[in-house]
file entry.pdb (PDB, C-alpha atoms)
ATOM      1  CA  SER A   1     -23.551 -47.318 -23.024  1.00  0.00           C
ATOM      2  CA  GLY A   2     -26.640 -46.592 -20.920  1.00  0.00           C
ATOM      3  CA  GLY A   3     -24.922 -47.178 -17.584  1.00  0.00           C
ATOM      4  CA  GLU A   4     -26.448 -50.636 -17.159  1.00  0.00           C
ATOM      5  CA  ILE A   5     -24.504 -53.482 -15.540  1.00  0.00           C
ATOM      6  CA  SER A   6     -24.060 -56.526 -17.758  1.00  0.00           C
ATOM      7  CA  THR A   7     -21.758 -59.477 -18.245  1.00  0.00           C
ATOM      8  CA  LEU A   8     -20.483 -59.749 -21.800  1.00  0.00           C
ATOM      9  CA  ALA A   9     -19.019 -63.234 -21.544  1.00  0.00           C
ATOM     10  CA  GLU A  10     -17.614 -65.639 -18.981  1.00  0.00           C
ATOM     11  CA  ILE A  11     -15.679 -68.881 -18.598  1.00  0.00           C
ATOM     12  CA  GLU A  12     -16.497 -71.154 -15.665  1.00  0.00           C
ATOM     13  CA  ALA A  13     -14.811 -74.262 -14.286  1.00  0.00           C
ATOM     14  CA  SER A  14     -17.628 -76.340 -12.814  1.00  0.00           C
ATOM     15  CA  HIS A  15     -17.780 -79.639 -10.948  1.00  0.00           C
ATOM     16  CA  ASP A  16     -19.213 -82.350 -13.197  1.00  0.00           C
ATOM     17  CA  GLY A  17     -21.972 -84.247 -11.385  1.00  0.00           C
ATOM     18  CA  THR A  18     -22.798 -84.740  -7.734  1.00  0.00           C
ATOM     19  CA  SER A  19     -20.198 -87.344  -6.753  1.00  0.00           C
ATOM     20  CA  ASP A  20     -17.377 -86.483  -4.374  1.00  0.00           C
ATOM     21  CA  ASP A  21     -14.634 -86.498  -7.027  1.00  0.00           C
ATOM     22  CA  GLN A  22     -12.519 -84.105  -9.041  1.00  0.00           C
ATOM     23  CA  LYS A  23     -14.390 -84.268 -12.356  1.00  0.00           C
ATOM     24  CA  GLY A  24     -14.809 -80.856 -13.932  1.00  0.00           C
ATOM     25  CA  ASP A  25     -16.433 -79.122 -16.892  1.00  0.00           C
ATOM     26  CA  LEU A  26     -15.213 -76.009 -18.658  1.00  0.00           C
ATOM     27  CA  ILE A  27     -18.200 -73.832 -19.595  1.00  0.00           C
ATOM     28  CA  PHE A  28     -18.154 -70.893 -22.036  1.00  0.00           C
ATOM     29  CA  ARG A  29     -21.004 -68.370 -21.968  1.00  0.00           C
ATOM     30  CA  THR A  30     -21.729 -65.399 -24.243  1.00  0.00           C
ATOM     31  CA  ASN A  31     -24.216 -62.532 -24.188  1.00  0.00           C
ATOM     32  CA  ASP A  32     -26.357 -61.862 -27.294  1.00  0.00           C
ATOM     33  CA  GLY A  33     -27.154 -58.390 -25.986  1.00  0.00           C
ATOM     34  CA  SER A  34     -30.245 -59.324 -24.011  1.00  0.00           C
ATOM     35  CA  ASP A  35     -28.834 -61.600 -21.298  1.00  0.00           C
ATOM     36  CA  GLY A  36     -27.905 -58.878 -18.791  1.00  0.00           C
ATOM     37  CA  THR A  37     -25.744 -60.390 -16.058  1.00  0.00           C
ATOM     38  CA  SER A  38     -26.559 -63.995 -17.006  1.00  0.00           C
ATOM     39  CA  PRO A  39     -24.886 -64.919 -20.313  1.00  0.00           C
ATOM     40  CA  THR A  40     -26.112 -68.003 -22.162  1.00  0.00           C
ATOM     41  CA  GLU A  41     -24.009 -71.159 -22.337  1.00  0.00           C
ATOM     42  CA  ALA A  42     -22.492 -71.482 -25.803  1.00  0.00           C
ATOM     43  CA  MET A  43     -19.934 -74.271 -25.448  1.00  0.00           C
ATOM     44  CA  ARG A  44     -18.917 -76.904 -22.901  1.00  0.00           C
ATOM     45  CA  ILE A  45     -16.013 -79.308 -22.533  1.00  0.00           C
ATOM     46  CA  ASP A  46     -17.036 -81.993 -20.062  1.00  0.00           C
ATOM     47  CA  SER A  47     -14.892 -84.225 -17.877  1.00  0.00           C
ATOM     48  CA  GLU A  48     -14.792 -86.894 -20.614  1.00  0.00           C
ATOM     49  CA  GLN A  49     -13.264 -84.307 -22.994  1.00  0.00           C
ATOM     50  CA  ASN A  50     -16.465 -84.233 -25.068  1.00  0.00           C
ATOM     51  CA  LEU A  51     -17.118 -80.861 -26.694  1.00  0.00           C
ATOM     52  CA  GLY A  52     -20.700 -79.603 -26.860  1.00  0.00           C
ATOM     53  CA  LEU A  53     -21.992 -76.664 -28.898  1.00  0.00           C
ATOM     54  CA  GLY A  54     -25.605 -75.834 -28.141  1.00  0.00           C
ATOM     55  CA  THR A  55     -25.833 -78.630 -25.572  1.00  0.00           C
ATOM     56  CA  ASN A  56     -24.707 -78.945 -21.954  1.00  0.00           C
ATOM     57  CA  ALA A  57     -24.575 -82.752 -22.148  1.00  0.00           C
ATOM     58  CA  PRO A  58     -22.316 -83.714 -25.084  1.00  0.00           C
ATOM     59  CA  ALA A  59     -22.389 -87.448 -25.772  1.00  0.00           C
ATOM     60  CA  HIS A  60     -19.564 -87.557 -28.355  1.00  0.00           C
ATOM     61  CA  ARG A  61     -16.167 -85.983 -28.977  1.00  0.00           C
ATOM     62  CA  LEU A  62     -18.020 -83.248 -30.868  1.00  0.00           C
ATOM     63  CA  ASP A  63     -21.757 -82.837 -30.251  1.00  0.00           C
ATOM     64  CA  ILE A  64     -23.531 -79.946 -32.014  1.00  0.00           C
ATOM     65  CA  VAL A  65     -27.192 -79.158 -31.363  1.00  0.00           C
ATOM     66  CA  GLU A  66     -29.031 -76.483 -33.373  1.00  0.00           C
ATOM     67  CA  SER A  67     -32.474 -75.574 -32.060  1.00  0.00           C
ATOM     68  CA  ALA A  68     -33.407 -73.148 -34.854  1.00  0.00           C
ATOM     69  CA  ASP A  69     -34.546 -73.921 -38.406  1.00  0.00           C
ATOM     70  CA  ALA A  70     -31.024 -73.840 -39.783  1.00  0.00           C
ATOM     71  CA  PHE A  71     -28.058 -76.036 -40.607  1.00  0.00           C
ATOM     72  CA  GLY A  72     -26.237 -77.349 -37.557  1.00  0.00           C
ATOM     73  CA  ALA A  73     -22.786 -76.815 -39.050  1.00  0.00           C
ATOM     74  CA  ARG A  74     -21.040 -75.511 -42.146  1.00  0.00           C
ATOM     75  CA  ILE A  75     -17.480 -75.990 -43.353  1.00  0.00           C
ATOM     76  CA  THR A  76     -16.134 -73.574 -45.959  1.00  0.00           C
ATOM     77  CA  ASN A  77     -12.762 -73.694 -47.696  1.00  0.00           C
ATOM     78  CA  ASN A  78     -12.141 -70.715 -49.978  1.00  0.00           C
ATOM     79  CA  SER A  79      -8.715 -71.815 -51.233  1.00  0.00           C
ATOM     80  CA  ASP A  80      -8.215 -72.364 -54.973  1.00  0.00           C
ATOM     81  CA  GLY A  81      -7.329 -76.002 -54.230  1.00  0.00           C
ATOM     82  CA  SER A  82     -10.057 -76.304 -51.635  1.00  0.00           C
ATOM     83  CA  GLN A  83     -11.324 -79.605 -50.298  1.00  0.00           C
ATOM     84  CA  GLY A  84     -14.260 -80.386 -48.051  1.00  0.00           C
ATOM     85  CA  LEU A  85     -14.429 -82.762 -45.120  1.00  0.00           C
ATOM     86  CA  GLN A  86     -12.184 -85.759 -44.411  1.00  0.00           C
ATOM     87  CA  VAL A  87     -13.281 -88.468 -41.976  1.00  0.00           C
ATOM     88  CA  ARG A  88     -10.844 -91.216 -40.990  1.00  0.00           C
ATOM     89  CA  THR A  89     -11.249 -94.584 -39.291  1.00  0.00           C
ATOM     90  CA  SER A  90      -8.572 -97.082 -38.317  1.00  0.00           C
ATOM     91  CA  ASP A  91      -9.753-100.286 -40.069  1.00  0.00           C
ATOM     92  CA  ASN A  92     -12.367-101.633 -42.482  1.00  0.00           C
ATOM     93  CA  ASP A  93     -14.611-103.745 -40.245  1.00  0.00           C
ATOM     94  CA  THR A  94     -17.898-104.233 -42.080  1.00  0.00           C
ATOM     95  CA  GLY A  95     -20.999-103.177 -40.197  1.00  0.00           C
ATOM     96  CA  GLN A  96     -19.207-100.158 -38.736  1.00  0.00           C
ATOM     97  CA  TYR A  97     -19.713 -96.746 -40.295  1.00  0.00           C
ATOM     98  CA  ILE A  98     -17.475 -93.977 -41.544  1.00  0.00           C
ATOM     99  CA  LEU A  99     -20.600 -91.880 -42.073  1.00  0.00           C
ATOM    100  CA  ASP A 100     -24.166 -92.241 -40.789  1.00  0.00           C
ATOM    101  CA  LEU A 101     -26.695 -89.560 -41.796  1.00  0.00           C
ATOM    102  CA  GLN A 102     -29.900 -89.704 -39.759  1.00  0.00           C
ATOM    103  CA  SER A 103     -33.178 -87.802 -39.629  1.00  0.00           C
ATOM    104  CA  SER A 104     -36.189 -87.804 -37.346  1.00  0.00           C
ATOM    105  CA  SER A 105     -39.879 -87.457 -38.147  1.00  0.00           C
ATOM    106  CA  SER A 106     -40.465 -86.168 -34.627  1.00  0.00           C
ATOM    107  CA  ALA A 107     -40.262 -82.493 -33.719  1.00  0.00           C
ATOM    108  CA  THR A 108     -38.377 -83.481 -30.572  1.00  0.00           C
ATOM    109  CA  GLY A 109     -35.920 -85.742 -32.390  1.00  0.00           C
ATOM    110  CA  THR A 110     -36.736 -88.946 -30.549  1.00  0.00           C
ATOM    111  CA  ASP A 111     -36.925 -91.419 -33.428  1.00  0.00           C
ATOM    112  CA  TYR A 112     -33.799 -90.887 -35.463  1.00  0.00           C
ATOM    113  CA  ALA A 113     -33.255 -93.344 -38.307  1.00  0.00           C
ATOM    114  CA  SER A 114     -30.338 -93.768 -40.692  1.00  0.00           C
ATOM    115  CA  LYS A 115     -30.976 -92.500 -44.222  1.00  0.00           C
ATOM    116  CA  LEU A 116     -27.486 -92.835 -45.712  1.00  0.00           C
ATOM    117  CA  VAL A 117     -24.506 -94.808 -44.401  1.00  0.00           C
ATOM    118  CA  VAL A 118     -20.963 -95.395 -45.583  1.00  0.00           C
ATOM    119  CA  GLU A 119     -19.513 -98.592 -44.160  1.00  0.00           C
ATOM    120  CA  LYS A 120     -15.870 -98.814 -43.192  1.00  0.00           C
ATOM    121  CA  GLY A 121     -15.474-101.375 -45.977  1.00  0.00           C
ATOM    122  CA  GLY A 122     -16.584 -98.722 -48.509  1.00  0.00           C
ATOM    123  CA  ASN A 123     -20.155 -99.853 -49.257  1.00  0.00           C
ATOM    124  CA  VAL A 124     -22.767 -97.081 -49.419  1.00  0.00           C
ATOM    125  CA  GLY A 125     -26.332 -97.675 -48.308  1.00  0.00           C
ATOM    126  CA  ILE A 126     -29.256 -95.338 -49.008  1.00  0.00           C
ATOM    127  CA  GLY A 127     -32.385 -96.362 -47.133  1.00  0.00           C
ATOM    128  CA  ILE A 128     -30.563 -99.414 -45.758  1.00  0.00           C
ATOM    129  CA  THR A 129     -27.966 -99.781 -42.992  1.00  0.00           C
ATOM    130  CA  THR A 130     -26.469-103.069 -44.243  1.00  0.00           C
ATOM    131  CA  PRO A 131     -25.403-102.395 -47.841  1.00  0.00           C
ATOM    132  CA  SER A 132     -24.336-105.594 -49.599  1.00  0.00           C
ATOM    133  CA  SER A 133     -22.610-103.897 -52.540  1.00  0.00           C
ATOM    134  CA  MET A 134     -20.680-100.730 -53.367  1.00  0.00           C
ATOM    135  CA  LEU A 135     -24.014 -98.906 -53.757  1.00  0.00           C
ATOM    136  CA  HIS A 136     -27.169-100.390 -52.253  1.00  0.00           C
ATOM    137  CA  LEU A 137     -30.465 -98.486 -52.439  1.00  0.00           C
ATOM    138  CA  PHE A 138     -33.676 -99.511 -50.671  1.00  0.00           C
ATOM    139  CA  ASP A 139     -36.907 -97.524 -50.983  1.00  0.00           C
ATOM    140  CA  GLY A 140     -38.509 -99.048 -47.881  1.00  0.00           C
ATOM    141  CA  GLY A 141     -41.550-100.230 -49.814  1.00  0.00           C
ATOM    142  CA  THR A 142     -42.489 -96.779 -51.124  1.00  0.00           C
ATOM    143  CA  ASP A 143     -41.957 -97.851 -54.756  1.00  0.00           C
ATOM    144  CA  THR A 144     -40.027 -94.669 -55.474  1.00  0.00           C
ATOM    145  CA  GLY A 145     -37.043 -96.358 -57.104  1.00  0.00           C
ATOM    146  CA  ILE A 146     -34.226 -94.345 -58.674  1.00  0.00           C
ATOM    147  CA  THR A 147     -34.555 -91.246 -60.852  1.00  0.00           C
ATOM    148  CA  ILE A 148     -31.760 -89.994 -63.112  1.00  0.00           C
ATOM    149  CA  GLN A 149     -32.636 -86.645 -64.662  1.00  0.00           C
ATOM    150  CA  SER A 150     -30.723 -84.709 -67.276  1.00  0.00           C
ATOM    151  CA  ALA A 151     -30.408 -80.950 -67.451  1.00  0.00           C
ATOM    152  CA  ALA A 152     -33.657 -79.069 -67.888  1.00  0.00           C
ATOM    153  CA  SER A 153     -33.071 -78.287 -71.552  1.00  0.00           C
ATOM    154  CA  ALA A 154     -34.499 -79.376 -74.889  1.00  0.00           C
ATOM    155  CA  ASN A 155     -33.403 -82.777 -76.226  1.00  0.00           C
ATOM    156  CA  ALA A 156     -31.370 -83.527 -73.102  1.00  0.00           C
ATOM    157  CA  THR A 157     -30.194 -87.095 -72.505  1.00  0.00           C
ATOM    158  CA  SER A 158     -30.052 -89.188 -69.339  1.00  0.00           C
ATOM    159  CA  SER A 159     -27.695 -92.139 -69.311  1.00  0.00           C
ATOM    160  CA  ILE A 160     -26.032 -94.820 -67.210  1.00  0.00           C
ATOM    161  CA  THR A 161     -22.604 -96.155 -68.165  1.00  0.00           C
ATOM    162  CA  LEU A 162     -21.466 -99.600 -67.035  1.00  0.00           C
ATOM    163  CA  MET A 163     -17.722-100.301 -67.217  1.00  0.00           C
ATOM    164  CA  SER A 164     -15.956-103.658 -66.986  1.00  0.00           C
ATOM    165  CA  ARG A 165     -12.239-104.310 -66.571  1.00  0.00           C
ATOM    166  CA  LEU A 166     -10.831-106.923 -68.972  1.00  0.00           C
ATOM    167  CA  ALA A 167      -7.873-109.283 -68.581  1.00  0.00           C
ATOM    168  CA  ASP A 168      -5.628-106.938 -70.588  1.00  0.00           C
ATOM    169  CA  ASN A 169      -6.528-104.082 -68.168  1.00  0.00           C
ATOM    170  CA  SER A 170      -8.581-102.304 -70.818  1.00  0.00           C
ATOM    171  CA  ASN A 171     -12.072-101.041 -70.082  1.00  0.00           C
ATOM    172  CA  LYS A 172     -15.214-101.878 -71.993  1.00  0.00           C
ATOM    173  CA  THR A 173     -18.396 -99.940 -71.458  1.00  0.00           C
ATOM    174  CA  ALA A 174     -22.099-100.239 -72.149  1.00  0.00           C
ATOM    175  CA  THR A 175     -24.271 -97.154 -72.006  1.00  0.00           C
ATOM    176  CA  ILE A 176     -28.009 -97.114 -71.383  1.00  0.00           C
ATOM    177  CA  SER A 177     -29.416 -93.798 -72.542  1.00  0.00           C
ATOM    178  CA  ASN A 178     -32.816 -92.189 -72.835  1.00  0.00           C
ATOM    179  CA  THR A 179     -33.192 -89.558 -75.550  1.00  0.00           C
ATOM    180  CA  LEU A 180     -36.641 -88.215 -76.445  1.00  0.00           C
ATOM    181  CA  GLN A 181     -38.188 -91.219 -74.664  1.00  0.00           C
ATOM    182  CA  ASN A 182     -36.160 -93.635 -76.837  1.00  0.00           C
ATOM    183  CA  ILE A 183     -34.175 -96.147 -74.772  1.00  0.00           C
ATOM    184  CA  SER A 184     -31.000 -97.532 -76.305  1.00  0.00           C
ATOM    185  CA  ILE A 185     -28.208 -99.823 -75.110  1.00  0.00           C
ATOM    186  CA  ALA A 186     -24.854 -99.469 -76.837  1.00  0.00           C
ATOM    187  CA  GLY A 187     -21.613-101.398 -76.358  1.00  0.00           C
ATOM    188  CA  ASP A 188     -17.995-100.335 -76.647  1.00  0.00           C
ATOM    189  CA  GLY A 189     -16.430-102.418 -79.420  1.00  0.00           C
ATOM    190  CA  TYR A 190     -17.817-105.762 -78.248  1.00  0.00           C
ATOM    191  CA  LYS A 191     -21.049-107.366 -79.345  1.00  0.00           C
ATOM    192  CA  THR A 192     -23.730-106.009 -77.016  1.00  0.00           C
ATOM    193  CA  LYS A 193     -26.646-108.291 -76.235  1.00  0.00           C
ATOM    194  CA  VAL A 194     -29.957-107.041 -74.946  1.00  0.00           C
ATOM    195  CA  GLY A 195     -32.355-109.268 -73.080  1.00  0.00           C
ATOM    196  CA  ILE A 196     -35.931-108.517 -72.090  1.00  0.00           C
ATOM    197  CA  LYS A 197     -37.287-110.845 -69.423  1.00  0.00           C
ATOM    198  CA  THR A 198     -34.100-112.910 -69.657  1.00  0.00           C
ATOM    199  CA  ASN A 199     -30.702-112.460 -68.036  1.00  0.00           C
ATOM    200  CA  ALA A 200     -28.835-114.654 -70.538  1.00  0.00           C
ATOM    201  CA  PRO A 201     -29.598-113.494 -74.104  1.00  0.00           C
ATOM    202  CA  ALA A 202     -27.830-115.573 -76.757  1.00  0.00           C
ATOM    203  CA  GLU A 203     -28.290-113.036 -79.568  1.00  0.00           C
ATOM    204  CA  GLU A 204     -28.145-109.271 -79.941  1.00  0.00           C
ATOM    205  CA  LEU A 205     -31.820-109.036 -78.920  1.00  0.00           C
ATOM    206  CA  VAL A 206     -33.807-111.700 -77.118  1.00  0.00           C
ATOM    207  CA  VAL A 207     -37.348-111.102 -75.877  1.00  0.00           C
ATOM    208  CA  GLN A 208     -39.093-113.610 -73.650  1.00  0.00           C
ATOM    209  CA  GLY A 209     -42.755-112.831 -74.185  1.00  0.00           C
ATOM    210  CA  THR A 210     -45.059-111.227 -76.743  1.00  0.00           C
ATOM    211  CA  ILE A 211     -43.907-108.493 -79.093  1.00  0.00           C
ATOM    212  CA  ASN A 212     -46.514-106.018 -80.310  1.00  0.00           C
ATOM    213  CA  GLN A 213     -45.271-104.168 -83.367  1.00  0.00           C
ATOM    214  CA  GLN A 214     -47.057-100.955 -84.249  1.00  0.00           C
ATOM    215  CA  CYS A 215     -46.467 -98.531 -87.091  1.00  0.00           C
TER     216      CYS A 215
END
call {"tool": "encode", "arguments": {"input": "entry.pdb", "output": "C-alpha cells"}}
result
Amino acid sequence: SGGEISTLAEIEASHDGTSDDQKGDLIFRTNDGSDGTSPTEAMRIDSEQNLGLGTNAPAHRLDIVESADAFGARITNNSDGSQGLQVRTSDNDTGQYILDLQSSSSATGTDYASKLVVEKGGNVGIGITTPSSMLHLFDGGTDTGITIQSAASANATSSITLMSRLADNSNKTATISNTLQNISIAGDGYKTKVGIKTNAPAEELVVQGTINQQC
C-alpha cells in the first residue's frame, strides 16, 4: 500500500543436501508482514516425504516444532458426533508404542523423557516405559502416589470401583469410598472381606497387628 516491494509468499523446489543426486525438498514460505522480500519458511516436505512445520529438518512423517510458549498442535472437531484423534498401528508387539508423551527439563529440549506411554498391546504406563499391567504407575521415587479427588463441593465422595467377571458372565463389584474422611469397602451381593496387613482375610474383617479403640 505504501509502494514498497515485498514478497507475500513463495514455494521453492530445492536440492536436498550436497550430493550429486536428484533429491529435492519442497519449501513453503510465508510473510508475517515484516519479512519484506525474504519470507520465512513455514513448511517443508523433504526428499524422504517427511513433513516439517516449524522445522527445516523433519525427522518423522509429521514433525511439528513450536518455538513459542504455546501448544504445538490442536485438533478441533465441532460436529455433534465429534471424535478426537485416532492413531493406528499394524500389530500388538509389546515394547512398541501407540503413544509416547515426552517432556524435557531443558530449555533447549535435549533431555526428553517419556512421561506417559501406551503400548501396542494396550498397557498404559505413567512414569514408566515398560508397563506390566493395563495401568502401571511409577512415581520415580518422589513418593507422590495417586490422588483421586472428588468435586470441590460439601460432602463430596471419592471412590474406586473394582469389577470382576464371574463364570456366568455377571459382574460383581467392590467399591472403596471416602466420605467425610470415613473409608468404607462395600461388596456387590457377595460377602466382602477386608484385610489390614494381610492379603488373605478369612473373615469379614481381619487385622494383623494392634487395634487401638477410642471413643
call {"tool": "resolve_selection", "arguments": {"input": "entry.pdb", "expression": "the PyMOL selection byres ((chain A and resi 203) around 9)", "output": "MDAnalysis selection string"}}
result
chainID A and resid 192:195 201:202 204:206
call {"tool": "resolve_selection", "arguments": {"input": "entry.pdb", "expression": "the PyMOL selection byres ((chain A and resi 160) around 12)", "output": "list in words"}}
result
Ile146, Thr147, Ile148, Gln149, Ser150, Thr157, Ser158, Ser159, Thr161, Leu162, Met163, Thr173, Ala174, Thr175, Ile176, Ser177, Asn178, Ile183, Ser184, Ile185 and Ala186 of chain A
call {"tool": "residues_around", "arguments": {"input": "entry.pdb", "residues": "range 63-70 of chain A", "least_positions_apart": "3", "cutoff": "12 Å", "atoms": "all atoms listed in the file", "output": "list of chain:residue names"}}
result
A:Ala42, A:Met43, A:Arg44, A:Ile45, A:Asp46, A:Gln49, A:Asn50, A:Leu51, A:Gly52, A:Leu53, A:Gly54, A:Thr55, A:Asn56, A:Ala57, A:Pro58, A:Ala59, A:His60, A:Ala73, A:Arg74, A:Ala107, A:Thr108, A:Gly109
call {"tool": "resolve_selection", "arguments": {"input": "entry.pdb", "expression": "the PyMOL selection byres ((chain A and resi 127) around 12)", "output": "ChimeraX atom specification"}}
result
/A:100-103,113-118,124-126,128-131,135-142,144-146
call {"tool": "atom_distance", "arguments": {"input": "entry.pdb", "atom1": "CA of Ser19 in chain A", "atom2": "CA of Ser47 in chain A"}}
result
12.7 Å
call {"tool": "closest_residue", "arguments": {"input": "entry.pdb", "among": "A:Asp80, A:Ser6, A:Glu48, A:Gln214", "to": "Lys23 in chain A", "atoms": "only C-alpha atoms"}}
result
A:Glu48
call {"tool": "atom_distance", "arguments": {"input": "entry.pdb", "atom1": "CA of Ile11 in chain A", "atom2": "CA of Gly72 in chain A"}}
result
23.3 Å
call {"tool": "build_atoms", "arguments": {"input": "entry.pdb", "residues": "range 112-121 of chain A", "atoms": "all heavy atoms", "output": "PDB file, keeping the file's coordinate frame"}}
result
ATOM      1  N   TYR A 112     -34.763 -91.009 -34.377  1.00  0.00           N
ATOM      2  CA  TYR A 112     -33.799 -90.887 -35.463  1.00  0.00           C
ATOM      3  C   TYR A 112     -33.600 -92.225 -36.174  1.00  0.00           C
ATOM      4  O   TYR A 112     -33.554 -93.273 -35.552  1.00  0.00           O
ATOM      5  CB  TYR A 112     -32.455 -90.382 -34.939  1.00  0.00           C
ATOM      6  CG  TYR A 112     -32.451 -88.907 -34.605  1.00  0.00           C
ATOM      7  CD1 TYR A 112     -32.545 -88.465 -33.302  1.00  0.00           C
ATOM      8  CD2 TYR A 112     -32.370 -87.970 -35.625  1.00  0.00           C
ATOM      9  CE1 TYR A 112     -32.548 -87.113 -33.006  1.00  0.00           C
ATOM     10  CE2 TYR A 112     -32.370 -86.609 -35.337  1.00  0.00           C
ATOM     11  CZ  TYR A 112     -32.462 -86.189 -34.024  1.00  0.00           C
ATOM     12  OH  TYR A 112     -32.468 -84.859 -33.745  1.00  0.00           O
ATOM     13  N   ALA A 113     -33.486 -92.155 -37.496  1.00  0.00           N
ATOM     14  CA  ALA A 113     -33.255 -93.344 -38.307  1.00  0.00           C
ATOM     15  C   ALA A 113     -32.232 -93.011 -39.387  1.00  0.00           C
ATOM     16  O   ALA A 113     -32.210 -91.900 -39.919  1.00  0.00           O
ATOM     17  CB  ALA A 113     -34.554 -93.831 -38.946  1.00  0.00           C
ATOM     18  N   SER A 114     -31.379 -93.973 -39.692  1.00  0.00           N
ATOM     19  CA  SER A 114     -30.338 -93.768 -40.692  1.00  0.00           C
ATOM     20  C   SER A 114     -30.948 -93.675 -42.092  1.00  0.00           C
ATOM     21  O   SER A 114     -31.785 -94.480 -42.469  1.00  0.00           O
ATOM     22  CB  SER A 114     -29.334 -94.918 -40.644  1.00  0.00           C
ATOM     23  OG  SER A 114     -28.691 -94.979 -39.381  1.00  0.00           O
ATOM     24  N   LYS A 115     -30.522 -92.682 -42.843  1.00  0.00           N
ATOM     25  CA  LYS A 115     -30.976 -92.500 -44.222  1.00  0.00           C
ATOM     26  C   LYS A 115     -29.866 -92.801 -45.230  1.00  0.00           C
ATOM     27  O   LYS A 115     -30.138 -93.270 -46.335  1.00  0.00           O
ATOM     28  CB  LYS A 115     -31.467 -91.056 -44.428  1.00  0.00           C
ATOM     29  CG  LYS A 115     -32.598 -90.656 -43.496  1.00  0.00           C
ATOM     30  CD  LYS A 115     -33.809 -91.566 -43.643  1.00  0.00           C
ATOM     31  CE  LYS A 115     -34.937 -91.142 -42.713  1.00  0.00           C
ATOM     32  NZ  LYS A 115     -36.117 -92.031 -42.815  1.00  0.00           N
ATOM     33  N   LEU A 116     -28.620 -92.541 -44.850  1.00  0.00           N
ATOM     34  CA  LEU A 116     -27.486 -92.835 -45.712  1.00  0.00           C
ATOM     35  C   LEU A 116     -26.314 -93.232 -44.838  1.00  0.00           C
ATOM     36  O   LEU A 116     -25.998 -92.543 -43.870  1.00  0.00           O
ATOM     37  CB  LEU A 116     -27.126 -91.634 -46.586  1.00  0.00           C
ATOM     38  CG  LEU A 116     -26.005 -91.827 -47.619  1.00  0.00           C
ATOM     39  CD1 LEU A 116     -26.250 -90.919 -48.832  1.00  0.00           C
ATOM     40  CD2 LEU A 116     -24.620 -91.544 -47.054  1.00  0.00           C
ATOM     41  N   VAL A 117     -25.666 -94.362 -45.159  1.00  0.00           N
ATOM     42  CA  VAL A 117     -24.506 -94.808 -44.401  1.00  0.00           C
ATOM     43  C   VAL A 117     -23.369 -95.132 -45.362  1.00  0.00           C
ATOM     44  O   VAL A 117     -23.595 -95.517 -46.512  1.00  0.00           O
ATOM     45  CB  VAL A 117     -24.814 -96.049 -43.529  1.00  0.00           C
ATOM     46  CG1 VAL A 117     -25.921 -95.743 -42.528  1.00  0.00           C
ATOM     47  CG2 VAL A 117     -25.178 -97.255 -44.379  1.00  0.00           C
ATOM     48  N   VAL A 118     -22.161 -94.946 -44.881  1.00  0.00           N
ATOM     49  CA  VAL A 118     -20.963 -95.395 -45.583  1.00  0.00           C
ATOM     50  C   VAL A 118     -20.238 -96.338 -44.638  1.00  0.00           C
ATOM     51  O   VAL A 118     -19.781 -95.920 -43.573  1.00  0.00           O
ATOM     52  CB  VAL A 118     -20.042 -94.228 -45.977  1.00  0.00           C
ATOM     53  CG1 VAL A 118     -18.807 -94.753 -46.708  1.00  0.00           C
ATOM     54  CG2 VAL A 118     -20.786 -93.223 -46.844  1.00  0.00           C
ATOM     55  N   GLU A 119     -20.188 -97.618 -45.000  1.00  0.00           N
ATOM     56  CA  GLU A 119     -19.513 -98.592 -44.160  1.00  0.00           C
ATOM     57  C   GLU A 119     -18.006 -98.415 -44.231  1.00  0.00           C
ATOM     58  O   GLU A 119     -17.462 -97.876 -45.197  1.00  0.00           O
ATOM     59  CB  GLU A 119     -19.870-100.017 -44.601  1.00  0.00           C
ATOM     60  CG  GLU A 119     -21.212-100.515 -44.114  1.00  0.00           C
ATOM     61  CD  GLU A 119     -21.377-102.008 -44.396  1.00  0.00           C
ATOM     62  OE1 GLU A 119     -20.726-102.505 -45.326  1.00  0.00           O
ATOM     63  OE2 GLU A 119     -22.150-102.651 -43.666  1.00  0.00           O
ATOM     64  N   LYS A 120     -17.324 -98.907 -43.211  1.00  0.00           N
ATOM     65  CA  LYS A 120     -15.870 -98.814 -43.192  1.00  0.00           C
ATOM     66  C   LYS A 120     -15.241 -99.626 -44.305  1.00  0.00           C
ATOM     67  O   LYS A 120     -14.102 -99.373 -44.709  1.00  0.00           O
ATOM     68  CB  LYS A 120     -15.343 -99.253 -41.830  1.00  0.00           C
ATOM     69  CG  LYS A 120     -15.781 -98.305 -40.711  1.00  0.00           C
ATOM     70  CD  LYS A 120     -15.419 -98.836 -39.339  1.00  0.00           C
ATOM     71  CE  LYS A 120     -13.948 -98.719 -39.053  1.00  0.00           C
ATOM     72  NZ  LYS A 120     -13.622 -99.090 -37.658  1.00  0.00           N
ATOM     73  N   GLY A 121     -15.967-100.613 -44.833  1.00  0.00           N
ATOM     74  CA  GLY A 121     -15.474-101.375 -45.977  1.00  0.00           C
ATOM     75  C   GLY A 121     -15.663-100.655 -47.299  1.00  0.00           C
ATOM     76  O   GLY A 121     -15.169-101.110 -48.327  1.00  0.00           O
TER      77      GLY A 121
END
